[in-house]
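A.B. asks: See input.tsv below, with TSV, C-alpha atoms.
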```tsv
chain	number	residue	atom	x	y	z
F	21	MET	CA	0.95	-8.22	-20.03
F	22	ASN	CA	4.36	-8.66	-18.42
F	23	VAL	CA	5.53	-6.14	-15.84
F	24	GLU	CA	8.79	-5.94	-13.92
F	25	HIS	CA	7.28	-4.53	-10.74
F	26	GLN	CA	8.98	-5.79	-7.60
F	27	GLY	CA	10.43	-4.60	-4.31
F	28	ILE	CA	9.01	-2.29	-1.68
F	29	VAL	CA	5.76	-0.55	-2.56
F	30	VAL	CA	5.25	2.37	-0.17
F	31	PRO	CA	1.57	3.09	0.57
F	32	MET	CA	2.20	6.81	0.97
F	33	VAL	CA	0.49	8.84	3.67
F	34	THR	CA	-1.40	11.85	2.35
F	35	PRO	CA	-0.13	15.04	4.04
F	36	PHE	CA	-2.73	17.52	5.25
F	37	ASP	CA	-2.21	21.05	6.56
F	38	ASP	CA	-3.54	22.55	9.79
F	39	VAL	CA	-7.04	22.96	8.36
F	40	GLY	CA	-7.15	19.47	6.83
F	41	GLU	CA	-6.44	20.39	3.21
F	42	LEU	CA	-3.90	18.67	0.98
F	43	ASP	CA	-0.36	19.85	1.77
F	44	GLU	CA	1.19	19.81	-1.68
F	45	GLY	CA	4.66	20.85	-0.52
F	46	ALA	CA	4.84	18.06	2.04
F	47	LEU	CA	3.66	15.53	-0.56
F	48	ARG	CA	6.41	16.60	-2.93
F	49	TRP	CA	8.97	16.35	-0.13
F	50	LEU	CA	7.76	12.88	0.88
F	51	THR	CA	7.90	11.66	-2.72
F	52	ASN	CA	11.55	12.62	-3.08
F	53	HIS	CA	12.45	11.44	0.41
F	54	LEU	CA	11.12	7.93	-0.21
F	55	ILE	CA	12.90	7.64	-3.56
F	56	ALA	CA	16.15	8.86	-1.98
F	57	LYS	CA	15.76	6.15	0.68
F	58	GLY	CA	15.65	3.43	-1.96
F	59	MET	CA	11.95	2.68	-2.17
F	60	HIS	CA	11.08	0.88	-5.40
F	61	ILE	CA	7.44	1.86	-6.04
F	62	LEU	CA	5.25	4.66	-4.68
F	63	PHE	CA	1.57	4.03	-4.00
F	64	PRO	CA	-0.55	7.13	-3.23
F	65	ALA	CA	-4.22	7.16	-2.18
F	66	GLY	CA	-4.34	3.67	-0.73
F	67	SER	CA	-5.58	2.77	2.75
F	68	THR	CA	-2.57	4.35	4.48
F	69	GLY	CA	-3.04	7.38	2.23
F	70	GLU	CA	-6.64	7.79	3.39
F	71	GLY	CA	-7.89	7.34	-0.15
F	72	TRP	CA	-11.33	6.69	1.31
F	73	SER	CA	-11.38	10.31	2.58
F	74	LEU	CA	-10.29	12.00	-0.65
F	75	SER	CA	-12.65	13.64	-3.09
F	76	ARG	CA	-12.23	12.92	-6.79
F	77	GLN	CA	-10.39	16.19	-7.28
F	78	GLU	CA	-8.14	15.64	-4.28
F	79	ARG	CA	-7.26	12.16	-5.46
F	80	LYS	CA	-6.50	13.48	-8.93
F	81	ARG	CA	-4.26	16.20	-7.51
F	82	VAL	CA	-2.38	13.65	-5.39
F	83	PHE	CA	-1.74	11.54	-8.49
F	84	GLU	CA	-0.63	14.58	-10.50
F	85	ILE	CA	1.80	15.73	-7.83
F	86	VAL	CA	3.40	12.32	-7.25
F	87	VAL	CA	3.76	11.60	-10.98
F	88	ASP	CA	5.19	15.08	-11.57
F	89	GLU	CA	7.68	14.77	-8.74
F	90	VAL	CA	8.73	11.20	-9.54
F	91	ARG	CA	9.65	12.12	-13.13
F	92	GLY	CA	9.84	8.48	-14.17
F	93	ARG	CA	12.40	7.46	-11.54
F	94	VAL	CA	10.17	4.74	-10.04
F	95	PRO	CA	6.75	3.33	-10.92
F	96	VAL	CA	3.68	4.97	-9.39
F	97	PHE	CA	0.74	2.78	-8.34
F	98	ALA	CA	-2.58	4.58	-7.82
F	99	GLY	CA	-5.28	3.60	-5.36
F	100	THR	CA	-8.47	3.67	-7.45
F	101	GLY	CA	-10.76	1.18	-5.74
F	102	ALA	CA	-14.37	2.01	-4.82
F	103	ILE	CA	-17.57	0.22	-3.86
F	104	THR	CA	-19.13	0.40	-7.33
F	105	THR	CA	-17.68	-0.74	-10.63
F	106	ARG	CA	-18.75	2.55	-12.24
F	107	GLU	CA	-16.79	4.66	-9.75
F	108	THR	CA	-13.78	2.36	-9.93
F	109	VAL	CA	-13.72	2.68	-13.72
F	110	TYR	CA	-13.93	6.47	-13.40
F	111	LEU	CA	-11.12	6.72	-10.83
F	112	THR	CA	-8.90	4.33	-12.79
F	113	ALA	CA	-9.38	6.32	-16.01
F	114	MET	CA	-8.58	9.50	-14.11
F	115	ALA	CA	-5.39	7.95	-12.74
F	116	GLU	CA	-4.41	6.75	-16.22
F	117	ASP	CA	-4.83	10.30	-17.53
F	118	CYS	CA	-2.50	11.49	-14.75
F	119	GLY	CA	0.25	9.19	-16.01
F	120	VAL	CA	0.45	6.54	-13.28
F	121	ASP	CA	1.99	3.15	-14.03
F	122	ALA	CA	-0.60	0.83	-12.45
F	123	ALA	CA	-3.81	0.85	-10.43
F	124	VAL	CA	-4.49	-0.93	-7.13
F	125	LEU	CA	-8.15	-1.78	-6.56
F	126	ILE	CA	-9.45	-2.59	-3.10
F	127	THR	CA	-12.29	-5.12	-3.22
F	128	PRO	CA	-15.74	-3.50	-3.21
F	129	PHE	CA	-16.58	-3.23	0.48
F	130	TYR	CA	-19.80	-3.16	2.53
F	131	ILE	CA	-21.83	-5.08	-0.07
F	132	ALA	CA	-19.90	-8.41	0.20
F	133	PRO	CA	-20.06	-9.44	-3.50
F	134	SER	CA	-19.84	-13.06	-4.64
F	135	ASP	CA	-16.89	-14.51	-6.55
F	136	ASP	CA	-18.74	-14.13	-9.84
F	137	GLU	CA	-19.56	-10.50	-9.03
F	138	LEU	CA	-15.95	-9.81	-8.05
F	139	TYR	CA	-14.69	-11.42	-11.25
F	140	GLU	CA	-17.03	-9.29	-13.35
F	141	HIS	CA	-16.04	-6.16	-11.40
F	142	TYR	CA	-12.32	-6.59	-12.04
F	143	ALA	CA	-12.85	-7.75	-15.61
F	144	VAL	CA	-14.89	-4.65	-16.45
F	145	VAL	CA	-12.33	-2.30	-14.89
F	146	ALA	CA	-9.42	-4.07	-16.59
F	147	GLY	CA	-11.22	-3.87	-19.92
F	148	ALA	CA	-11.73	-0.13	-19.55
F	149	THR	CA	-8.04	0.76	-19.08
F	150	LYS	CA	-4.62	0.03	-20.52
F	151	LEU	CA	-3.07	0.18	-17.05
F	152	PRO	CA	-1.78	-2.92	-15.27
F	153	ILE	CA	-4.31	-3.79	-12.56
F	154	TYR	CA	-3.69	-5.14	-9.06
F	155	PRO	CA	-6.65	-6.32	-6.99
F	156	TYR	CA	-6.15	-5.52	-3.31
F	157	ASN	CA	-7.25	-8.20	-0.86
F	158	ASN	CA	-7.86	-6.87	2.66
F	159	PRO	CA	-10.67	-8.92	4.25
F	160	HIS	CA	-10.11	-7.47	7.72
F	161	ARG	CA	-11.16	-4.06	6.38
F	162	THR	CA	-13.69	-5.07	3.72
F	163	SER	CA	-15.13	-8.40	4.96
F	164	VAL	CA	-14.42	-9.70	1.43
F	165	ASN	CA	-11.68	-12.29	0.97
F	166	LEU	CA	-10.44	-13.11	-2.54
F	167	SER	CA	-10.15	-16.87	-2.92
F	168	ALA	CA	-7.24	-18.59	-4.64
F	169	SER	CA	-9.59	-20.01	-7.26
F	170	LEU	CA	-10.95	-16.54	-8.07
F	171	VAL	CA	-7.47	-15.01	-8.30
F	172	SER	CA	-6.46	-17.87	-10.60
F	173	ARG	CA	-9.35	-16.89	-12.90
F	174	LEU	CA	-8.50	-13.22	-12.69
F	175	ALA	CA	-4.87	-13.92	-13.63
F	176	GLU	CA	-6.10	-14.96	-17.08
F	177	ILE	CA	-7.07	-11.32	-17.80
F	178	ASP	CA	-4.19	-9.82	-19.78
F	179	ASN	CA	-3.65	-6.59	-17.82
F	180	LEU	CA	-4.55	-8.00	-14.42
F	181	VAL	CA	-0.93	-8.56	-13.49
F	182	GLY	CA	-0.78	-9.24	-9.76
F	183	ILE	CA	-2.30	-8.80	-6.33
F	184	LYS	CA	-1.68	-6.98	-3.08
F	185	ASP	CA	-2.56	-9.44	-0.34
F	186	SER	CA	-3.26	-8.14	3.16
F	187	SER	CA	-5.17	-11.22	4.26
F	188	ARG	CA	-2.52	-11.96	6.93
F	189	ASP	CA	-2.84	-15.58	5.80
F	190	VAL	CA	0.54	-16.72	4.46
F	191	ALA	CA	-0.98	-20.03	3.35
F	192	LEU	CA	-3.44	-18.13	1.15
F	193	THR	CA	-0.65	-15.90	-0.15
F	194	MET	CA	1.29	-19.01	-1.15
F	195	GLU	CA	-1.78	-20.36	-2.94
F	196	PHE	CA	-1.99	-17.12	-4.93
F	197	ILE	CA	1.60	-17.73	-6.01
F	198	ARG	CA	1.11	-21.44	-6.73
F	199	ARG	CA	-2.09	-21.07	-8.73
F	200	THR	CA	-1.13	-18.15	-10.96
F	201	PRO	CA	1.23	-18.03	-13.97
F	202	GLU	CA	4.89	-17.14	-13.72
F	203	GLY	CA	5.19	-13.37	-13.85
F	204	PHE	CA	1.98	-12.74	-11.88
F	205	ARG	CA	3.16	-10.35	-9.16
F	206	VAL	CA	2.18	-11.06	-5.56
F	207	PHE	CA	2.89	-8.42	-2.91
F	208	VAL	CA	2.37	-9.09	0.78
F	209	GLY	CA	0.65	-6.30	2.69
F	210	PRO	CA	1.23	-6.26	6.47
F	211	ASP	CA	4.61	-4.95	7.67
F	212	ASN	CA	5.04	-7.84	10.11
F	213	LEU	CA	4.77	-10.43	7.31
F	214	MET	CA	7.31	-8.89	4.95
F	215	TYR	CA	10.02	-11.48	5.66
F	216	SER	CA	7.54	-14.36	5.59
F	217	GLY	CA	6.08	-13.12	2.31
F	218	LEU	CA	9.47	-12.89	0.66
F	219	ALA	CA	10.34	-16.37	1.90
F	220	ALA	CA	7.06	-17.64	0.44
F	221	GLY	CA	8.02	-16.25	-2.96
F	222	CYS	CA	6.35	-12.83	-3.04
F	223	ASP	CA	7.71	-10.20	-5.41
F	224	GLY	CA	7.72	-7.56	-2.72
F	225	ALA	CA	5.81	-5.97	0.13
F	226	VAL	CA	3.62	-2.98	0.90
F	227	PRO	CA	4.65	-1.89	4.42
F	228	ALA	CA	2.83	1.16	5.81
F	229	PHE	CA	5.68	2.00	8.17
F	230	ALA	CA	8.06	2.40	5.23
F	231	ASN	CA	6.74	5.97	5.32
F	232	LEU	CA	8.40	6.37	8.70
F	233	ALA	CA	11.33	3.98	8.45
F	234	PRO	CA	12.23	3.29	4.83
F	235	ASP	CA	15.74	2.30	5.91
F	236	ILE	CA	14.38	-0.58	8.00
F	237	ALA	CA	12.03	-1.77	5.26
F	238	ALA	CA	14.85	-1.54	2.72
F	239	LYS	CA	17.12	-3.60	4.96
F	240	VAL	CA	14.55	-6.40	5.23
F	241	TYR	CA	14.21	-6.54	1.46
F	242	ASN	CA	17.83	-5.98	0.45
F	243	ASP	CA	19.33	-8.34	3.04
F	244	PHE	CA	16.84	-11.03	2.06
F	245	GLN	CA	17.68	-10.63	-1.64
F	246	ASN	CA	21.39	-10.80	-0.80
F	247	GLY	CA	21.01	-13.97	1.24
F	248	ASP	CA	21.65	-12.31	4.60
F	249	TRP	CA	18.75	-14.04	6.36
F	250	GLY	CA	19.90	-12.98	9.82
F	251	GLY	CA	20.16	-9.32	8.88
F	252	ALA	CA	16.77	-9.41	7.18
F	253	LEU	CA	15.16	-11.08	10.19
F	254	THR	CA	16.66	-8.59	12.63
F	255	ALA	CA	15.27	-5.72	10.56
F	256	GLN	CA	11.93	-7.54	10.33
F	257	HIS	CA	11.69	-7.66	14.12
F	258	LYS	CA	12.04	-3.87	14.20
F	259	LEU	CA	9.40	-3.45	11.52
F	260	SER	CA	7.11	-5.79	13.45
F	261	GLN	CA	7.54	-3.65	16.57
F	262	LEU	CA	6.39	-0.64	14.59
F	263	ARG	CA	3.45	-2.58	13.15
F	264	ALA	CA	2.33	-3.54	16.65
F	265	THR	CA	1.68	0.14	17.42
F	266	LEU	CA	-1.43	-0.05	15.22
F	267	SER	CA	-3.25	-1.15	18.37
F	268	LEU	CA	-2.69	2.29	19.93
F	269	GLY	CA	-5.36	4.06	17.90
F	270	THR	CA	-7.37	4.10	14.70
F	271	PHE	CA	-5.45	3.50	11.49
F	272	PRO	CA	-3.62	5.43	10.11
F	273	ALA	CA	-3.32	7.95	12.97
F	274	MET	CA	-0.35	6.19	14.54
F	275	VAL	CA	1.62	6.22	11.28
F	276	LYS	CA	1.19	9.98	10.96
F	277	GLU	CA	1.88	10.62	14.65
F	278	ALA	CA	5.01	8.49	14.47
F	279	MET	CA	6.21	10.53	11.52
F	280	ALA	CA	5.54	13.76	13.43
F	281	LEU	CA	7.53	12.47	16.41
F	282	ALA	CA	10.37	11.65	14.01
F	283	GLY	CA	10.36	15.20	12.62
F	284	MET	CA	8.31	14.53	9.50
F	285	PRO	CA	4.91	16.13	10.21
F	286	MET	CA	2.23	15.07	7.75
F	287	GLY	CA	-0.79	16.50	9.53
F	288	ALA	CA	-3.57	14.67	11.33
F	289	ALA	CA	-5.68	11.91	9.85
F	290	ARG	CA	-9.12	12.99	8.71
F	291	ALA	CA	-12.16	12.63	10.94
F	292	PRO	CA	-13.64	10.50	12.25
F	293	VAL	CA	-10.10	9.24	12.96
F	294	MET	CA	-8.79	10.99	16.07
F	295	ASN	CA	-5.29	11.75	17.30
F	296	LEU	CA	-3.72	9.38	19.82
F	297	THR	CA	-4.27	9.93	23.52
F	298	LEU	CA	-1.35	11.22	25.58
F	299	ASP	CA	-0.78	7.74	27.01
F	300	SER	CA	-0.83	6.13	23.57
F	301	ARG	CA	1.53	8.76	22.22
F	302	LYS	CA	3.97	8.00	25.04
F	303	GLN	CA	3.79	4.30	24.25
F	304	LEU	CA	4.40	5.09	20.59
F	305	ARG	CA	7.42	7.23	21.44
F	306	ASP	CA	8.85	4.41	23.58
F	307	VAL	CA	8.60	2.00	20.63
F	308	LEU	CA	10.19	4.50	18.24
F	309	GLU	CA	13.08	4.98	20.67
F	310	ALA	CA	13.50	1.23	21.13
F	311	VAL	CA	13.59	0.66	17.37
F	312	GLY	CA	15.98	3.57	16.86
F	313	VAL	CA	13.78	5.69	14.64
F	314	LEU	CA	14.00	8.87	16.72
```
Can the structure from this file be put into structure tokens for me?
C.D. replies:
Amino acid sequence: MNVEHQGIVVPMVTPFDDVGELDEGALRWLTNHLIAKGMHILFPAGSTGEGWSLSRQERKRVFEIVVDEVRGRVPVFAGTGAITTRETVYLTAMAEDCGVDAAVLITPFYIAPSDDELYEHYAVVAGATKLPIYPYNNPHRTSVNLSASLVSRLAEIDNLVGIKDSSRDVALTMEFIRRTPEGFRVFVGPDNLMYSGLAAGCDGAVPAFANLAPDIAAKVYNDFQNGDWGGALTAQHKLSQLRATLSLGTFPAMVKEAMALAGMPMGAARAPVMNLTLDSRKQLRDVLEAVGVL
């Protein structure tokens, strides 16, 4: 299966209201805002979107709203990963029914499956859907790291079309590119490696802070594609400053608090994630001012 997916994939935050329920109006606003700012692909219910905190019905409603609001203007990737293969198949089928364009599957976490178990997991899910499938490698969150040899095997599955790699290991990312067929899409995850990933040959990036600063993320990508290496690197430094604020609290609280400080309130992250302390919020504000987001 050949897909033309490339560019900036925004792992959308999930807006919640004052009592912690899905804020549908804010989600519709965010969808249109990100498209208007030139984002290429929208990705609801991933890690940044607190997909781990959403019930089945909430996740379905998020997919329905984003697909409805996008109206075919950009592709929609859906976060449908879970610990078990059975639940992943269910969530992926649900997303397919909602009309998404692809599914992104975090590796099964907590249980630390072997390469053979991971291969079987992705093969079963891919065989149960017509959607393009992207495994999501994030060993710092899951303690499971997809090897280049495993990804090379997975790339032989027709609708397993690419990977989101948040390993923070550019050498591994390059091996994913080297050991997979032409047309296999590799997206780099961390904001601070966007420039490096593009230079390594990635098809795009999945920067969490594109929610807050899509203009900066777009400048990294567009300047790089246009051969303006200096402009892209300058924008990357700003994006890296934003990424560094992840140390101020528990992810993704700082992304949501940064958006609130910038006049785009998306509600608090769900417990057990807590809001930033007053000192951390001041440090966050200082970074936002230095980068020019406020």
A.B. asks: What's the separation between CA of Leu47 in chain F and CA of Gly119 in chain F, in Å to one decimal place?
C.D. replies: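 Computing it gives 17.0 Å between the two atoms.
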A.B. asks: Could you list as a ChimeraX atom specification every residue that has an atom within 10 Å of (12.5, -4.0, -8.2), using the file's coordinates and counting only C-alpha atoms?
C.D. replies: /F:24-29,59-61,94-95,223-224
A.B. asks: Identify which of the residues F:Thr149, F:Thr297, F:Asn165, F:Thr193 lies closest to Asp178 in chain F, counting all atoms listed in the file when measuring atom-to-atom distances.
C.D. replies: F:Thr149
A.B. asks: Do a neighbour search on Cys118 in chain F at 12 Å with all atoms listed in the file, toss out local chain neighbours closer than 5 positions, and write the hits as an mmCIF file with C-alpha atoms, in the frame of the given file.
C.D. replies:
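File produced: result-v4.cif:
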```
data_model
loop_
_atom_site.group_PDB
_atom_site.id
_atom_site.type_symbol
_atom_site.label_atom_id
_atom_site.label_comp_id
_atom_site.auth_asym_id
_atom_site.auth_seq_id
_atom_site.Cartn_x
_atom_site.Cartn_y
_atom_site.Cartn_z
ATOM 1 C CA GLN F 77 -10.390 16.190 -7.280
ATOM 2 C CA ARG F 79 -7.260 12.160 -5.460
ATOM 3 C CA LYS F 80 -6.500 13.480 -8.930
ATOM 4 C CA ARG F 81 -4.260 16.200 -7.510
ATOM 5 C CA VAL F 82 -2.380 13.650 -5.390
ATOM 6 C CA PHE F 83 -1.740 11.540 -8.490
ATOM 7 C CA GLU F 84 -0.630 14.580 -10.500
ATOM 8 C CA ILE F 85 1.800 15.730 -7.830
ATOM 9 C CA VAL F 86 3.400 12.320 -7.250
ATOM 10 C CA VAL F 87 3.760 11.600 -10.980
ATOM 11 C CA ASP F 88 5.190 15.080 -11.570
ATOM 12 C CA VAL F 96 3.680 4.970 -9.390
ATOM 13 C CA PHE F 97 0.740 2.780 -8.340
ATOM 14 C CA ALA F 98 -2.580 4.580 -7.820
ATOM 15 C CA LEU F 111 -11.120 6.720 -10.830
ATOM 16 C CA THR F 112 -8.900 4.330 -12.790
ATOM 17 C CA ALA F 113 -9.380 6.320 -16.010
ATOM 18 C CA ALA F 123 -3.810 0.850 -10.430
ATOM 19 C CA LEU F 151 -3.070 0.180 -17.050
#
```
A.B. asks: If we count only C-alpha atoms, what is near Phe244 in chain F at a cut-off of 12 Å, once residues fewer than 3 positions away on the same chain are taken out, given as a list of chain:residue names?
C.D. replies: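 With the cut-off at 12 Å, the set is F:Gly27, F:Met214, F:Tyr215, F:Ser216, F:Gly217, F:Leu218, F:Ala219, F:Ala220, F:Gly221, F:Cys222, F:Asp223, F:Gly224, F:Ala237, F:Ala238, F:Lys239, F:Val240, F:Tyr241, F:Gly247, F:Asp248, F:Trp249, F:Gly250, F:Gly251, F:Ala252, F:Leu253, F:Thr254, F:Ala255, F:Gln256.
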A.B. asks: Which of these, F:Val293, F:Asn179, F:Leu192, F:Met286, has the shortest distance to Gly45 in chain F once you count all atoms listed in the file?
C.D. replies: F:Met286
A.B. asks: List the neighbours of Ser267 in chain F out to 12 Å using all atoms listed in the file; skip same-chain residues closer than 3 positions along the sequence, and give me the result as a count of residues only.
C.D. replies: 15
A.B. asks: Could you please determine the separation between CA of Arg199 in chain F and CA of Pro128 in chain F in Å, to one decimal place?
C.D. replies: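 Here the two named atoms are 22.9 Å from each other.
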